[in-house]
Amino acid sequence: MFVLQPGQNRSFGPTGPYWRRSLRSPGGGDNLFVASIVAIRPDTGEYVWHYQETPGDQWDYTATNHMILSDLTIGGKKRKVLMQAPKNGFFYVLDRTNGKLISAEPYIKVNWASGIDKKTGRPIMNPEADYSKNGGKTWMAMPGALGAHDWMPMAYNPGTGLVYIPAQELGFPYKADANFKPKTHGINLGVDLGALNLPDDPKIQAAVRATVKGYLIAWDPVTQKEVWRAPHDGAWNGGVLSTSGNLVFQGDGSGKLNAYNAKTGQRLWSYPVQTGVVAPPVTWAKDGKQYVTLVAGWGGAYPLLVGGLSLDARGKKIPNKSRVLTFALGGTAKLPAADVATDMPLDPPAQFANAATIAIGQQAYDRSCVACHGSGAISGGIAPDLRYSGTIADQTAWNSVVIDGVLSDQGMISFKENFTPKEIEAIRAYVIARAQVAAKTK
Ligand code: HEC
């Protein structure tokens, strides 16, 4: 465990969190309470029970996803259960009175474990998944670090007895970073995020994008079986709302709010909200009239980290338009026309550095810039796409941002504690190289 210092937070700082267990605890072990559900008494903070879903978690699977409590009849007995579909791909039904496992089955493709041992409650791990110990090879995991289901809330409908999961097939290449040294700024995972960089061939990029899938899955928690699934255009879709009128509402990454028949999965309604959606809709009533309200807007780790993958089926960035939208039967309001996306000119300057410098720049970028500006310097449209930035043609302008931190109050801090001025110049060379590749393949 690490101790937070003033000014540090869990994600950014030299204390971790290391994804690689060999860095956290070279002796191995489960790392209690990593990726665990812990029950405590709210009045006293007293510990009651815990259940560790992913012992020694090295894939950022975590157990922080939405938990749903209900009473289910399982094997003829009424059980007080806790249900969770964490990032690791298994749907868990626990006895919430004592934390014991009732059942756990994969709700999407999983390759890091072959199942959950019903007696011990522990995953039956695939030894290949331990990329801390595989001699530096890349391990392609399913699900990946963004989960078979990320933070977007799922929904349970007691009427249908089904749980509706915003699920995705989104693998992740885990590779130990051989030269890892923690930095004061940036994410200190101990993995080489350069493994995320796609080949530049647009056909290969499109083919990889086509393997990324998103679904709304209706799951029966008693039989641990899928009842239906509705496909989306891609991964990273919105949280879910289910109503007693047997509807399921979910926004999607490509800019629609959809309503489905909760029993069959048939799509009954779809509205173009002009932005990718990640939040769940809510429903409420006033003066006898029912409304559905959505905080519409796009963002999060997927478009930030793997911008190239998060592009839509046409290879375009999914827009963000942050707005609160409210719907009702008989509503007549119309959205103003959608903004027209215009391609910025891509006009990279001449390269000033040699291949060795560009390689140093790439390594530094993959340690400290990739999590916001995107793998391969391809942004998903949330933080600026540095290939298009005027600052790459002008060392003074670049340094004013990256060294002097002139955009700090906009979320772009100075990285001078992490890198020498030479390394910061090497990052600029790397981004120019990436911009030149993009200009050629346009
Ligand atoms: C935590 C997220 C985050 C990280 C990590 C990050 N940036 Fe940024 N960066 C931003 C945001 C947000 C902006 C836009 C600020 C604004 O609105 O002006 C930005 C803007 C910039 C700009 C100005 C672009 C322009 O044309 O306005 C440059 C240059 C830049 N970043 C370089 C880097 C480099 C180099 C690294 C790694 C050493 C890095 N950034 C790491 C979030 C980040």
# chains A, B, ... in the order shown; residues from 1 in each chain; ligands from 1
call {"tool": "residues_near_ligand", "arguments": {"ligand": "ligand 1", "cutoff": "7 Å", "atoms": "only C-alpha atoms and all ligand atoms", "output": "ChimeraX atom specification"}}
result
/A:186,364-365,368-373,383-384,386,389-392,398,401-402,407,410-412,415,424,427-428
call {"tool": "write_last_selection", "arguments": {"atoms": "N, CA, C and O atoms", "output": "mmCIF file, in the first residue's frame"}}
result
data_model
loop_
_atom_site.group_PDB
_atom_site.id
_atom_site.type_symbol
_atom_site.label_atom_id
_atom_site.label_comp_id
_atom_site.auth_asym_id
_atom_site.auth_seq_id
_atom_site.Cartn_x
_atom_site.Cartn_y
_atom_site.Cartn_z
ATOM 1 N N GLY A 186 2.070 12.409 -14.255
ATOM 2 C CA GLY A 186 1.676 11.429 -15.272
ATOM 3 C C GLY A 186 1.262 10.139 -14.609
ATOM 4 O O GLY A 186 1.213 10.034 -13.387
ATOM 5 N N ALA A 364 8.946 9.007 -24.008
ATOM 6 C CA ALA A 364 8.477 10.007 -23.036
ATOM 7 C C ALA A 364 6.994 10.288 -23.247
ATOM 8 O O ALA A 364 6.221 10.392 -22.285
ATOM 9 N N TYR A 365 6.582 10.393 -24.510
ATOM 10 C CA TYR A 365 5.154 10.620 -24.818
ATOM 11 C C TYR A 365 4.301 9.483 -24.245
ATOM 12 O O TYR A 365 3.267 9.718 -23.602
ATOM 13 N N SER A 368 3.947 9.896 -20.421
ATOM 14 C CA SER A 368 3.369 11.061 -19.730
ATOM 15 C C SER A 368 2.311 11.821 -20.520
ATOM 16 O O SER A 368 1.628 12.656 -19.944
ATOM 17 N N CYS A 369 2.170 11.603 -21.801
ATOM 18 C CA CYS A 369 1.222 12.400 -22.595
ATOM 19 C C CYS A 369 0.062 11.575 -23.126
ATOM 20 O O CYS A 369 -1.029 12.096 -23.387
ATOM 21 N N VAL A 370 0.318 10.250 -23.305
ATOM 22 C CA VAL A 370 -0.615 9.399 -24.035
ATOM 23 C C VAL A 370 -2.007 9.352 -23.395
ATOM 24 O O VAL A 370 -3.017 9.265 -24.101
ATOM 25 N N ALA A 371 -2.056 9.448 -22.055
ATOM 26 C CA ALA A 371 -3.343 9.240 -21.376
ATOM 27 C C ALA A 371 -4.358 10.334 -21.687
ATOM 28 O O ALA A 371 -5.548 10.143 -21.455
ATOM 29 N N CYS A 372 -3.910 11.475 -22.199
ATOM 30 C CA CYS A 372 -4.863 12.536 -22.564
ATOM 31 C C CYS A 372 -4.837 12.832 -24.060
ATOM 32 O O CYS A 372 -5.877 13.095 -24.663
ATOM 33 N N HIS A 373 -3.629 12.820 -24.651
ATOM 34 C CA HIS A 373 -3.532 13.225 -26.061
ATOM 35 C C HIS A 373 -3.632 12.028 -27.014
ATOM 36 O O HIS A 373 -3.638 12.231 -28.232
ATOM 37 N N ALA A 383 -8.902 16.047 -25.459
ATOM 38 C CA ALA A 383 -7.750 16.950 -25.358
ATOM 39 C C ALA A 383 -7.270 17.221 -26.804
ATOM 40 O O ALA A 383 -7.567 16.439 -27.713
ATOM 41 N N PRO A 384 -6.529 18.337 -27.031
ATOM 42 C CA PRO A 384 -6.157 18.684 -28.407
ATOM 43 C C PRO A 384 -5.327 17.584 -29.083
ATOM 44 O O PRO A 384 -4.565 16.878 -28.437
ATOM 45 N N LEU A 386 -2.308 16.881 -30.886
ATOM 46 C CA LEU A 386 -1.062 17.661 -30.971
ATOM 47 C C LEU A 386 -0.493 17.690 -32.386
ATOM 48 O O LEU A 386 0.292 18.579 -32.727
ATOM 49 N N SER A 389 -1.448 20.885 -33.775
ATOM 50 C CA SER A 389 -1.181 22.085 -32.968
ATOM 51 C C SER A 389 -0.088 22.940 -33.602
ATOM 52 O O SER A 389 0.959 22.431 -34.014
ATOM 53 N N GLY A 390 -0.334 24.243 -33.627
ATOM 54 C CA GLY A 390 0.678 25.185 -34.115
ATOM 55 C C GLY A 390 1.947 25.140 -33.274
ATOM 56 O O GLY A 390 3.031 25.486 -33.752
ATOM 57 N N THR A 391 1.844 24.680 -32.013
ATOM 58 C CA THR A 391 3.013 24.710 -31.124
ATOM 59 C C THR A 391 4.120 23.767 -31.589
ATOM 60 O O THR A 391 5.277 23.965 -31.218
ATOM 61 N N ILE A 392 3.793 22.752 -32.422
ATOM 62 C CA ILE A 392 4.862 21.812 -32.795
ATOM 63 C C ILE A 392 5.847 22.447 -33.789
ATOM 64 O O ILE A 392 6.952 21.962 -33.974
ATOM 65 N N TRP A 398 5.848 25.752 -27.808
ATOM 66 C CA TRP A 398 5.793 24.395 -27.217
ATOM 67 C C TRP A 398 6.277 24.433 -25.765
ATOM 68 O O TRP A 398 5.613 23.934 -24.859
ATOM 69 N N VAL A 401 4.082 25.969 -23.075
ATOM 70 C CA VAL A 401 3.023 25.086 -22.563
ATOM 71 C C VAL A 401 3.625 23.963 -21.726
ATOM 72 O O VAL A 401 3.249 23.752 -20.566
ATOM 73 N N VAL A 402 4.599 23.235 -22.293
ATOM 74 C CA VAL A 402 5.034 21.967 -21.677
ATOM 75 C C VAL A 402 6.026 22.216 -20.531
ATOM 76 O O VAL A 402 6.040 21.469 -19.557
ATOM 77 N N LEU A 407 -0.822 26.825 -19.818
ATOM 78 C CA LEU A 407 -2.224 26.365 -19.909
ATOM 79 C C LEU A 407 -2.644 25.576 -18.661
ATOM 80 O O LEU A 407 -3.638 24.840 -18.693
ATOM 81 N N GLN A 410 -6.122 25.381 -17.574
ATOM 82 C CA GLN A 410 -7.012 24.664 -18.504
ATOM 83 C C GLN A 410 -6.794 23.161 -18.412
ATOM 84 O O GLN A 410 -7.279 22.408 -19.252
ATOM 85 N N GLY A 411 -5.979 22.700 -17.471
ATOM 86 C CA GLY A 411 -5.790 21.260 -17.302
ATOM 87 C C GLY A 411 -4.515 20.736 -17.920
ATOM 88 O O GLY A 411 -4.272 19.525 -17.918
ATOM 89 N N MET A 412 -3.672 21.606 -18.454
ATOM 90 C CA MET A 412 -2.403 21.176 -19.060
ATOM 91 C C MET A 412 -1.264 21.763 -18.230
ATOM 92 O O MET A 412 -0.873 22.913 -18.398
ATOM 93 N N PHE A 415 5.367 19.977 -17.322
ATOM 94 C CA PHE A 415 6.011 18.671 -17.128
ATOM 95 C C PHE A 415 7.506 18.819 -16.884
ATOM 96 O O PHE A 415 8.263 17.888 -17.096
ATOM 97 N N ILE A 424 11.926 17.084 -23.661
ATOM 98 C CA ILE A 424 10.680 17.758 -24.065
ATOM 99 C C ILE A 424 10.761 18.141 -25.547
ATOM 100 O O ILE A 424 9.774 18.060 -26.287
ATOM 101 N N ILE A 427 10.031 15.035 -27.523
ATOM 102 C CA ILE A 427 8.578 14.753 -27.650
ATOM 103 C C ILE A 427 8.027 15.554 -28.831
ATOM 104 O O ILE A 427 7.230 15.043 -29.630
ATOM 105 N N ARG A 428 8.473 16.811 -28.962
ATOM 106 C CA ARG A 428 8.006 17.634 -30.093
ATOM 107 C C ARG A 428 8.404 16.965 -31.415
ATOM 108 O O ARG A 428 7.596 16.888 -32.357
#
call {"tool": "residues_around", "arguments": {"residues": "region 168-183 of chain A", "least_positions_apart": "3", "cutoff": "7 Å", "atoms": "only C-alpha atoms", "output": "ChimeraX atom specification"}}
result
/A:13-14,131-132,136-145,148-149,186,188,190-192,195-196,212-215,235,418
call {"tool": "write_last_selection", "arguments": {"atoms": "C-alpha atoms", "output": "short mmCIF file (atom, residue, chain, number, x, y, z; two decimals), in the first residue's frame"}}
result
data_model
loop_
_atom_site.label_atom_id
_atom_site.label_comp_id
_atom_site.auth_asym_id
_atom_site.auth_seq_id
_atom_site.Cartn_x
_atom_site.Cartn_y
_atom_site.Cartn_z
CA GLY A 13 2.26 10.82 -8.85
CA PRO A 14 5.31 8.74 -8.04
CA TYR A 131 2.70 -10.25 -18.03
CA SER A 132 4.99 -9.29 -15.13
CA GLY A 136 8.57 -8.75 -21.64
CA LYS A 137 6.15 -10.20 -24.19
CA THR A 138 2.86 -8.45 -24.93
CA TRP A 139 -0.22 -10.18 -23.49
CA MET A 140 -3.42 -9.37 -25.36
CA ALA A 141 -6.09 -9.53 -22.71
CA MET A 142 -9.86 -9.74 -23.05
CA PRO A 143 -11.38 -7.82 -21.43
CA GLY A 144 -8.87 -4.96 -21.35
CA ALA A 145 -8.10 -2.17 -18.94
CA ALA A 148 -15.96 -5.65 -20.20
CA HIS A 149 -18.10 -3.00 -18.54
CA GLY A 186 1.68 11.43 -15.27
CA ASN A 188 2.91 5.45 -13.26
CA GLY A 190 4.76 0.19 -15.01
CA VAL A 191 3.36 -0.92 -18.37
CA ASP A 192 4.49 0.19 -21.81
CA ALA A 195 1.99 -1.30 -27.07
CA LEU A 196 -1.31 0.48 -27.83
CA VAL A 212 -14.06 -3.44 -30.97
CA LYS A 213 -17.68 -4.09 -30.03
CA GLY A 214 -20.28 -2.68 -27.71
CA TYR A 215 -23.52 -4.29 -26.60
CA ALA A 235 -17.43 0.45 -27.42
CA ASN A 418 9.53 14.91 -15.35
#
call {"tool": "closest_residue", "arguments": {"among": "A:Val248, A:Leu325, A:Leu94, A:Ala129", "to": "Ala155 (chain A)", "atoms": "only C-alpha atoms"}}
result
A:Val248
call {"tool": "select_by_dssp", "arguments": {"residues": "region 122-252 of chain A", "states": "helix (DSSP H, G or I)", "output": "PyMOL selection string"}}
result
chain A and resi 127-129+131-133+193-196+202-211
call {"tool": "residues_around", "arguments": {"residues": "Tyr291 (chain A)", "least_positions_apart": "6", "cutoff": "6 Å", "atoms": "only C-alpha atoms", "output": "list in words"}}
result
Thr283, Trp284, Ala285, Phe327 and Ala328 of chain A
call {"tool": "select_by_dssp", "arguments": {"residues": "region 231-303 of chain A", "states": "strand (DSSP E)", "output": "PyMOL selection string"}}
result
chain A and resi 231+240-242+247-251+256-261+267-272+282-286+289-296
call {"tool": "atom_distance", "arguments": {"atom1": "CA of Trp228 (chain A)", "atom2": "CA of Gly147 (chain A)"}}
result
20.1 Å
call {"tool": "residues_around", "arguments": {"residues": "region 25-36 of chain A", "least_positions_apart": "2", "cutoff": "6 Å", "atoms": "only C-alpha atoms", "output": "PyMOL selection string"}}
result
chain A and resi 21-23+51-56+62-63
call {"tool": "atom_distance", "arguments": {"atom1": "CA of Ala429 (chain A)", "atom2": "CA of Gln351 (chain A)"}}
result
6.7 Å
call {"tool": "atom_distance", "arguments": {"atom1": "CA of Lys289 (chain A)", "atom2": "CA of Leu241 (chain A)"}}
result
17.6 Å
call {"tool": "closest_residue", "arguments": {"among": "A:Ala426, A:Leu162, A:Leu309, A:Leu294", "to": "Leu198 (chain A)", "atoms": "only C-alpha atoms"}}
result
A:Leu309
call {"tool": "closest_residue", "arguments": {"among": "A:Lys119, A:Lys286, A:Arg41, A:Lys87", "to": "Trp59 (chain A)", "atoms": "only C-alpha atoms"}}
result
A:Lys87
call {"tool": "closest_residue", "arguments": {"among": "A:Thr441, A:Phe90, A:Gly135, A:Pro221", "to": "Ser114 (chain A)", "atoms": "only C-alpha atoms"}}
result
A:Phe90
call {"tool": "closest_residue", "arguments": {"among": "A:Ala313, A:Leu189, A:Ala296, A:Ile382", "to": "His232 (chain A)", "atoms": "only C-alpha atoms"}}
result
A:Ala313
call {"tool": "closest_residue", "arguments": {"among": "A:Val240, A:Ile165, A:Ile378, A:Leu346", "to": "Asp220 (chain A)", "atoms": "only C-alpha atoms"}}
result
A:Ile165
